[in-house]
Amino acid sequence: MTFTNPNSVRKKSALKLGASLSLLALAIPSLAQAQSDGLQLEEIVVTATRRAASLQDVPLAVSAFTAADLETRQISSTLDLVRSVPNLYGSNNTGVASANTYYIRGLGSTEQIATIDPAVSTYVDDVVLPRQNANNYGYFDLEQMEVLRGPQGTTFGRNSTGGAISVKLKKPSEEFGGFMQASYGSYDQILLRGDVNVPVSEKVLTKFTGFYTDDRGYVTNVANGERLNSLTNWGARGAVRFLPNDDVTVDVALEHMDGQGLYLRTFARDNRETILRGSTKGGTSDEVADALANRGVRADYDTTAVTANIEWRLDDVSIESITGYRTINQSFVLDFSLPASRTTVPLPFYLTNAGGYDMFSQEFKAAGNFGDRLSYVAGLYYFYENNSTLAGQVFGTSLSCSAGLYGDGNMTCNGVPGYSSVRDIRNKTTSYAAYAQFDYALTDALTAIAGVRYTNEVKKLDLRPTSYGGMTTADIVAAGMATRLETNKVTPKFGVNYKVDPDIMLFASATNGYKSGGWNSRTAYLPETFQDMSPETAWSYEAGMKSDLFDRRVRFNVTGFIAETDNLQLSYTTPGPIPGTTLSTQDNAGDIRVKGLEFELSVRPARGLDVFATLGLQDGKYTWVNPAAQSFVSPTGAYVNAIDPTDELSRLPKRSLALGATYTVPVEALHGSLTFSGEANHTGGFWTTASNSTPSAQTPTALDTFARSYTLYNLSVSYLSDDEAWRLGVECKNCSDKLYLTSVFNGYYYGEPRRIRGTLTRKF
């Protein structure tokens with residue numbers, strides 16, 4: 001009898017799929033003879049190298065989506081990018097609908113507390129949005145979105161070991177005009193958007209944008225009938241463009257967003273019902289008091305940002321000043337209790353947060369040429385961040401506390417000295433950097449690339465006394481914990497690209513990046529557990545091809561990579577201070593290696609018809625696991641499942657596939673055109689936690705943290721009038737109403753059910 005390894009079958013199938021995409025790009029001979037008028041794919045200009053260039057001339061793994069792409073493919077926020085970019089995984093952070101966690105090629109972070117930085121940073125108009133608590137960006141008038149895969153340590157800098165997401169917003173127009181949009185959809189979802197361009201003069205242009213969205217939620221709390229997992233969000237933005245002369249452009253913008261939205265766990269294999277003791281009503285300004293009284297379950301945020309970009313164009317160089325300031329306030333009271341049954345209300349397990357986060361950045365950048373062969377981009381960068389977080393934990397009707405290990409403490413905890421879980425955490429970051437990248441044309445076809453960035457970064461930590469008896473700076477210093485971290489990093493890049501002909505480019509590169517160090521803090525309730533982490537560093541070695549074929553009717557890009565990451569910062573499960581609970585600890589868990597392939601294909605086989613496909617294949621493993629992060633048996637004989645060298649990497653789907661098409665056909669009788677769009681998005685199975693937890697003889701009550709593979713289908717149809725003044729559309733996301741798992745933390749978190757929405761847009 002012959003046995004077949006199912007993993008081998010899956011790998012062979014995936015490789016065949018990748019080969020099929022490659023062949024598809026070359027198996028359309030009819031395109032070569034067809035007329036090209038109106039059939040060529042549009043050129044996409046990106047700023048992935050911090051200067052404007054055609055997507056096909058940029059030797060990087062980057063996916064770009066224009067405003068037209070965003071509209072036809074139902075991409076209205078950065079989280080929607082997940083389904084269209086190979087080897088990008090993302091979801092809402094547990095509990096908080098405004099916060100997203102992104103993983104690119106296995107690197108990311110599920111923790112949004114300010115003492116820990118993300119591995120995938122979000123940039124809005126070249127200004128970093130460094131916190132994950134308000135990074136689900138969208139609804140403003142988007143111009144373009146770009147996703148850069150792999151370390152971006154030279155031109156983007158810190159906290160981009162996984163990659164970067166760049167959002168570009170539309171600038172004020174020289175002509176008066178705008179749009180009004182209204183949508184209504186499933187779960188009484190309402191979305192209102194509007195935009196108007198008002199040129200004051202030839203030299204002063206203005207733009208105003210606003211949105212409001214609300215729905216009643218798709219989850220019911222069977223304990224009290226309340227609707228949960230809803231999202232209410234509004235925002236306004238004003239932008240001014242000054243054009244003092246032909247060589248200078250000044251862009252200034254002010255924006256504000258305010259929202260509240262929950263993303264709570266539900267029953268196993270059910271994304272529409274849960275059971276919680278707390279109510280969303282009756283909340284006050286005191287998160288801890290609300291948790292103790294089982295009221296005000298929420299996740300609220302507001303953010304205000306000011307940006308200014310000044311560009312001065314000279315003969316051989318463009319000089320830019322990029323200034324950004326953002327403040328974020330966040331409040332949440334979240335119940336992470338585990339629902340044991342549909343009839344028994346579990347004892348609440350609240351995490352509370354009241355935070356204020358202020359950040360400022362200033363960059364001076366120059367991009368230009370020395371003669372015909374040498375081009376460059378260089379800059380100076382300054383970043384400052386000042387954060388305040390009052391974080392705590394409530395179990396049942398009592399504040400959680402931990403007994404001091406050596407008879408120490410600021411309160412009485414179960415009759416002995418100890419520390420409250422409520423801590424007033426203050427942290428600051430100051431960073432300076434200088435960078436430069438040079439591209440030198442060795443021949444007309446061959447170009448060598450070399451770049452480097454030097455970063456100095458200082459982080460400071462201060463724990464203020466609280467009325468609850470939480471630990472202070474003096475307590476953690478006495479325990480030997482560091483309160484100041486300084487990092488000096490050099491992150492180089494080397495590359496080469498070769499133009500086979502004007503439409504085909506081959507490239508190879510070695511790129512370095514790092515993610516800042518920080519402190520374990522969310523669940524650090526004793527001074528000895530407030531340990532610091534070293535920076536996470538990554539080297540990525542890539543080779544690929546970018547090609548426009550058949551008179552630019554076929555665009556086929558492929559990248560292969562091997563990424564080595566040291567000092568991986570990772571959350572893993574440890575026992576909590578209350579028996580039967582678990583906590584997530586952040587530390588340098590070990591080193592990993594990830595390798596993979598990424599394919600992107602766009603084809604225009606006929607006028608009005610666009611077909612696209614993407615495929616991501618990746619595999620990874622630990623090359624070393626920190627002994628402190630490995631599974632162990634406690635002194636009481638209990639087995640603690642943490643990370644083992646044989647565990648698979650978390651949130652690393654080995655396959656991600658998108659396949660879709662858009663077809664636009666004129667309809668003379670309707671005085672307009674109809675556009676039909678559809679796509680299928682497949683995500684392979686993955687572990688949601690680093691511990692690879694499943695029920696076993698050693699851990700009989702453990703939750704199964706493996707997310708099975710799933711496929712989502714999205715469809716839309718829209719009508720556009722001939723004068724482009726009216727658009728009416730109907731769309732659905734997750735049309736088959738697929739139940740799919742995104743996260744596991746003391747319960748199961750599932751993706752949104754099917755949503756259907758109708759939208760009417762009027763342009764003027």
# chains A, B, ... in the order shown; residues from 1 in each chain; ligands from 1
>>> residues_around(residues="Ala391 in chain A", least_positions_apart="6", cutoff="9 Å", atoms="only C-alpha atoms", output="number ranges by chain")
A: 288, 351-355, 421-425, 521-522
>>> residues_around(residues="range 755-762 of chain A", least_positions_apart="6", cutoff="9 Å", atoms="only C-alpha atoms", output="list in words")
Gly178, Phe179, Met180, Gln181, Ala182, Ser183, Tyr184, Gly185, Ser186, Tyr187, Gln189, Leu191, Ser718, Glu724, Ala725, Trp726, Arg727, Leu728, Gly729, Val730, Glu731, Cys732, Lys733, Asn734, Cys735 and Asp737 of chain A
>>> write_last_selection(atoms="N, CA and C atoms", output="compact mmCIF listing (two decimals), in the first residue's frame")
# COMPACT_ATOMS: atom_id res chain seq x y z
N GLY A 178 -16.63 67.85 -7.61
CA GLY A 178 -16.58 66.92 -6.49
C GLY A 178 -17.59 65.81 -6.66
N PHE A 179 -17.97 65.20 -5.56
CA PHE A 179 -18.96 64.13 -5.61
C PHE A 179 -19.70 64.04 -4.28
N MET A 180 -20.90 63.44 -4.35
CA MET A 180 -21.68 63.07 -3.17
C MET A 180 -22.04 61.60 -3.32
N GLN A 181 -21.95 60.86 -2.22
CA GLN A 181 -22.16 59.42 -2.30
C GLN A 181 -22.95 58.95 -1.08
N ALA A 182 -23.92 58.08 -1.32
CA ALA A 182 -24.71 57.50 -0.24
C ALA A 182 -24.83 56.00 -0.48
N SER A 183 -24.64 55.22 0.61
CA SER A 183 -24.72 53.77 0.52
C SER A 183 -25.59 53.23 1.65
N TYR A 184 -26.25 52.13 1.36
CA TYR A 184 -27.01 51.41 2.39
C TYR A 184 -26.79 49.92 2.16
N GLY A 185 -26.58 49.20 3.29
CA GLY A 185 -26.28 47.80 3.13
C GLY A 185 -26.69 46.95 4.31
N SER A 186 -26.17 45.75 4.33
CA SER A 186 -26.50 44.76 5.35
C SER A 186 -26.26 45.32 6.74
N TYR A 187 -27.06 44.83 7.69
CA TYR A 187 -26.98 45.24 9.09
C TYR A 187 -27.17 46.75 9.24
N GLN A 189 -26.22 49.15 7.46
CA GLN A 189 -25.02 49.96 7.26
C GLN A 189 -25.35 51.18 6.41
N LEU A 191 -23.41 54.61 4.74
CA LEU A 191 -22.15 55.28 4.43
C LEU A 191 -22.45 56.52 3.61
N SER A 718 -22.26 47.84 -11.62
CA SER A 718 -22.52 49.27 -11.49
C SER A 718 -22.86 49.86 -12.85
N GLU A 724 -20.57 60.59 -17.01
CA GLU A 724 -19.89 60.19 -15.77
C GLU A 724 -20.39 60.96 -14.55
N ALA A 725 -21.59 61.52 -14.64
CA ALA A 725 -22.14 62.28 -13.52
C ALA A 725 -22.84 61.37 -12.51
N TRP A 726 -23.39 60.25 -12.97
CA TRP A 726 -24.14 59.37 -12.09
C TRP A 726 -23.54 57.96 -12.10
N ARG A 727 -23.43 57.39 -10.93
CA ARG A 727 -23.02 55.98 -10.80
C ARG A 727 -23.93 55.31 -9.78
N LEU A 728 -24.46 54.16 -10.16
CA LEU A 728 -25.29 53.36 -9.26
C LEU A 728 -24.73 51.95 -9.23
N GLY A 729 -24.43 51.46 -8.05
CA GLY A 729 -23.81 50.15 -7.96
C GLY A 729 -24.37 49.30 -6.84
N VAL A 730 -24.24 48.01 -7.02
CA VAL A 730 -24.58 47.03 -5.99
C VAL A 730 -23.40 46.08 -5.86
N GLU A 731 -22.98 45.82 -4.63
CA GLU A 731 -21.82 44.96 -4.42
C GLU A 731 -22.05 44.04 -3.24
N CYS A 732 -21.35 42.94 -3.25
CA CYS A 732 -21.37 42.05 -2.08
C CYS A 732 -19.95 41.59 -1.79
N LYS A 733 -19.65 41.50 -0.50
CA LYS A 733 -18.39 40.95 -0.03
C LYS A 733 -18.68 39.66 0.73
N ASN A 734 -17.79 38.69 0.57
CA ASN A 734 -18.02 37.36 1.14
C ASN A 734 -19.40 36.86 0.72
N CYS A 735 -19.62 36.83 -0.58
CA CYS A 735 -20.95 36.55 -1.12
C CYS A 735 -21.48 35.18 -0.72
N ASP A 737 -21.08 33.84 2.13
CA ASP A 737 -21.26 33.87 3.59
C ASP A 737 -20.37 32.83 4.27
>>> closest_atom_pairs(of="range 146-253 of chain A", to="range 127-136 of chain A", cutoff="12 Å", atoms="only C-alpha atoms", output="JSON lines")
{"residue": "A:Phe156", "atom": "CA", "partner": "A:Val128", "partner_atom": "CA", "distance": 9.1}
{"residue": "A:Gly157", "atom": "CA", "partner": "A:Val128", "partner_atom": "CA", "distance": 10.2}
{"residue": "A:Arg158", "atom": "CA", "partner": "A:Pro130", "partner_atom": "CA", "distance": 10.0}
{"residue": "A:Asn159", "atom": "CA", "partner": "A:Pro130", "partner_atom": "CA", "distance": 8.4}
{"residue": "A:Ser160", "atom": "CA", "partner": "A:Pro130", "partner_atom": "CA", "distance": 10.5}
{"residue": "A:Ala164", "atom": "CA", "partner": "A:Val128", "partner_atom": "CA", "distance": 9.7}
{"residue": "A:Ile165", "atom": "CA", "partner": "A:Val128", "partner_atom": "CA", "distance": 9.7}
{"residue": "A:Ser166", "atom": "CA", "partner": "A:Val128", "partner_atom": "CA", "distance": 8.9}
{"residue": "A:Val167", "atom": "CA", "partner": "A:Val127", "partner_atom": "CA", "distance": 9.5}
{"residue": "A:Lys168", "atom": "CA", "partner": "A:Val127", "partner_atom": "CA", "distance": 10.2}
{"residue": "A:Leu169", "atom": "CA", "partner": "A:Val127", "partner_atom": "CA", "distance": 11.8}
{"residue": "A:Leu231", "atom": "CA", "partner": "A:Asn136", "partner_atom": "CA", "distance": 11.9}
{"residue": "A:Asn233", "atom": "CA", "partner": "A:Asn136", "partner_atom": "CA", "distance": 11.1}
{"residue": "A:Ala253", "atom": "CA", "partner": "A:Val127", "partner_atom": "CA", "distance": 11.9}
>>> closest_residue(among="A:Pro666, A:Pro527, A:Gly217, A:Gly560", to="Pro753 in chain A", atoms="only C-alpha atoms")
A:Gly217
>>> select_by_dssp(residues="range 447-664 of chain A", states="helix (DSSP H, G or I)", output="short mmCIF file (atom, residue, chain, number, x, y, z; two decimals) with N, CA, C and O atoms, in the first residue's frame")
data_model
loop_
_atom_site.label_atom_id
_atom_site.label_comp_id
_atom_site.auth_asym_id
_atom_site.auth_seq_id
_atom_site.Cartn_x
_atom_site.Cartn_y
_atom_site.Cartn_z
N THR A 473 8.14 53.36 38.25
CA THR A 473 9.48 53.30 37.69
C THR A 473 10.48 52.79 38.73
O THR A 473 11.36 51.97 38.42
N ALA A 474 10.35 53.26 39.97
CA ALA A 474 11.27 52.82 41.03
C ALA A 474 11.20 51.31 41.23
O ALA A 474 12.22 50.65 41.48
N ASP A 475 10.01 50.75 41.08
CA ASP A 475 9.85 49.30 41.27
C ASP A 475 10.56 48.51 40.18
O ASP A 475 11.24 47.51 40.46
N ILE A 476 10.42 48.94 38.94
CA ILE A 476 11.06 48.16 37.88
C ILE A 476 12.57 48.38 37.85
O ILE A 476 13.32 47.48 37.47
N VAL A 477 13.03 49.57 38.25
CA VAL A 477 14.48 49.79 38.35
C VAL A 477 15.07 48.91 39.44
O VAL A 477 16.14 48.30 39.27
N ALA A 478 14.38 48.79 40.56
CA ALA A 478 14.85 47.93 41.64
C ALA A 478 14.92 46.47 41.22
O ALA A 478 15.74 45.70 41.73
N PRO A 527 7.18 43.78 38.55
CA PRO A 527 8.37 44.50 38.05
C PRO A 527 9.29 43.60 37.25
O PRO A 527 9.89 44.05 36.26
N GLU A 528 9.42 42.34 37.64
CA GLU A 528 10.34 41.42 36.96
C GLU A 528 9.88 41.05 35.56
O GLU A 528 10.67 40.52 34.77
N THR A 529 8.60 41.27 35.24
CA THR A 529 8.09 40.90 33.92
C THR A 529 8.08 42.07 32.94
O THR A 529 7.74 41.88 31.77
N PRO A 627 15.10 29.77 24.67
CA PRO A 627 14.65 28.81 25.68
C PRO A 627 13.56 29.36 26.59
O PRO A 627 12.68 28.61 27.04
N ALA A 628 13.60 30.67 26.86
CA ALA A 628 12.58 31.27 27.73
C ALA A 628 11.20 31.25 27.09
O ALA A 628 10.19 31.38 27.79
N ALA A 629 11.14 31.10 25.77
CA ALA A 629 9.86 31.10 25.06
C ALA A 629 9.33 29.70 24.79
O ALA A 629 8.25 29.56 24.22
#
>>> closest_residue(among="A:Ser375, A:Ser121, A:Ser540, A:Ser547", to="Leu55 in chain A", atoms="only C-alpha atoms")
A:Ser547
>>> closest_residue(among="A:Thr429, A:Thr511, A:Thr344, A:Thr94", to="Tyr384 in chain A", atoms="only C-alpha atoms")
A:Thr429
>>> select_by_dssp(residues="range 317-393 of chain A", states="strand (DSSP E)", output="VMD selection string")
chain A and resid 317 to 335 349 to 370 374 to 393
>>> write_last_selection(atoms="C-alpha atoms", output="short mmCIF file (atom, residue, chain, number, x, y, z; two decimals), in the first residue's frame")
data_model
loop_
_atom_site.label_atom_id
_atom_site.label_comp_id
_atom_site.auth_asym_id
_atom_site.auth_seq_id
_atom_site.Cartn_x
_atom_site.Cartn_y
_atom_site.Cartn_z
CA VAL A 317 17.09 67.89 -8.25
CA SER A 318 13.80 68.02 -6.41
CA ILE A 319 13.93 69.04 -2.73
CA GLU A 320 11.08 68.24 -0.35
CA SER A 321 10.20 69.09 3.21
CA ILE A 322 7.66 66.63 4.68
CA THR A 323 6.19 67.55 8.06
CA GLY A 324 3.63 65.55 10.01
CA TYR A 325 1.90 65.76 13.38
CA ARG A 326 -0.73 63.35 14.67
CA THR A 327 -2.47 62.84 17.98
CA ILE A 328 -4.54 59.76 18.85
CA ASN A 329 -6.79 59.13 21.84
CA GLN A 330 -8.04 55.62 22.55
CA SER A 331 -10.36 54.19 25.18
CA PHE A 332 -11.46 50.60 25.47
CA VAL A 333 -13.16 48.22 27.89
CA LEU A 334 -12.99 44.76 26.32
CA ASP A 335 -14.17 41.42 27.68
CA PHE A 349 -12.13 39.12 31.94
CA TYR A 350 -11.66 42.77 31.01
CA LEU A 351 -8.67 44.58 29.59
CA THR A 352 -8.95 48.35 29.91
CA ASN A 353 -7.06 51.11 28.16
CA ALA A 354 -7.09 54.90 28.30
CA GLY A 355 -4.37 56.32 26.09
CA GLY A 356 -3.12 59.48 24.48
CA TYR A 357 -0.47 59.31 21.76
CA ASP A 358 1.29 62.29 20.15
CA MET A 359 3.78 62.03 17.31
CA PHE A 360 5.77 64.45 15.14
CA SER A 361 8.03 63.82 12.16
CA GLN A 362 10.14 66.03 9.92
CA GLU A 363 11.92 64.88 6.78
CA PHE A 364 14.07 66.72 4.26
CA LYS A 365 14.50 64.76 1.03
CA ALA A 366 16.37 65.37 -2.19
CA ALA A 367 15.99 63.33 -5.38
CA GLY A 368 17.90 64.03 -8.54
CA ASN A 369 20.61 63.11 -11.01
CA PHE A 370 24.33 63.61 -11.46
CA LEU A 374 23.77 58.46 -11.63
CA SER A 375 20.46 59.12 -9.86
CA TYR A 376 19.93 59.40 -6.14
CA VAL A 377 17.53 59.98 -3.29
CA ALA A 378 18.85 61.20 0.08
CA GLY A 379 17.39 62.68 3.20
CA LEU A 380 17.43 63.60 6.87
CA TYR A 381 14.70 62.41 9.21
CA TYR A 382 13.51 63.27 12.72
CA PHE A 383 10.78 61.53 14.70
CA TYR A 384 9.39 62.16 18.18
CA GLU A 385 6.63 60.32 20.00
CA ASN A 386 5.13 60.89 23.46
CA ASN A 387 2.62 58.30 24.70
CA SER A 388 0.52 57.78 27.80
CA THR A 389 -1.38 54.54 28.52
CA LEU A 390 -3.43 53.68 31.60
CA ALA A 391 -3.79 49.92 31.16
CA GLY A 392 -5.46 47.48 33.51
CA GLN A 393 -7.24 44.17 33.96
#
>>> residues_around(residues="Lys207 in chain A", least_positions_apart="3", cutoff="9 Å", atoms="only C-alpha atoms", output="MDAnalysis selection string")
chainID A and resid 170:173 178 195:199 237:241
>>> write_last_selection(atoms="C-alpha atoms", output="compact mmCIF listing (two decimals), in the first residue's frame")
# COMPACT_ATOMS: atom_id res chain seq x y z
CA LYS A 170 -6.00 63.11 -3.88
CA LYS A 171 -4.72 66.67 -4.02
CA PRO A 172 -6.86 69.76 -4.71
CA SER A 173 -7.84 70.19 -8.36
CA GLY A 178 -16.58 66.92 -6.49
CA ASP A 195 -15.80 65.78 -1.64
CA VAL A 196 -15.51 69.18 -3.23
CA ASN A 197 -12.64 70.97 -4.96
CA VAL A 198 -12.79 74.77 -4.70
CA PRO A 199 -10.01 76.64 -6.53
CA ARG A 237 -10.35 66.64 5.89
CA GLY A 238 -9.36 69.96 4.40
CA ALA A 239 -6.43 70.40 2.02
CA VAL A 240 -4.85 73.49 0.47
CA ARG A 241 -2.37 73.58 -2.40
>>> closest_residue(among="A:Arg555, A:Gly153, A:Asn641, A:Gln40", to="Gln437 in chain A", atoms="only C-alpha atoms")
A:Gly153
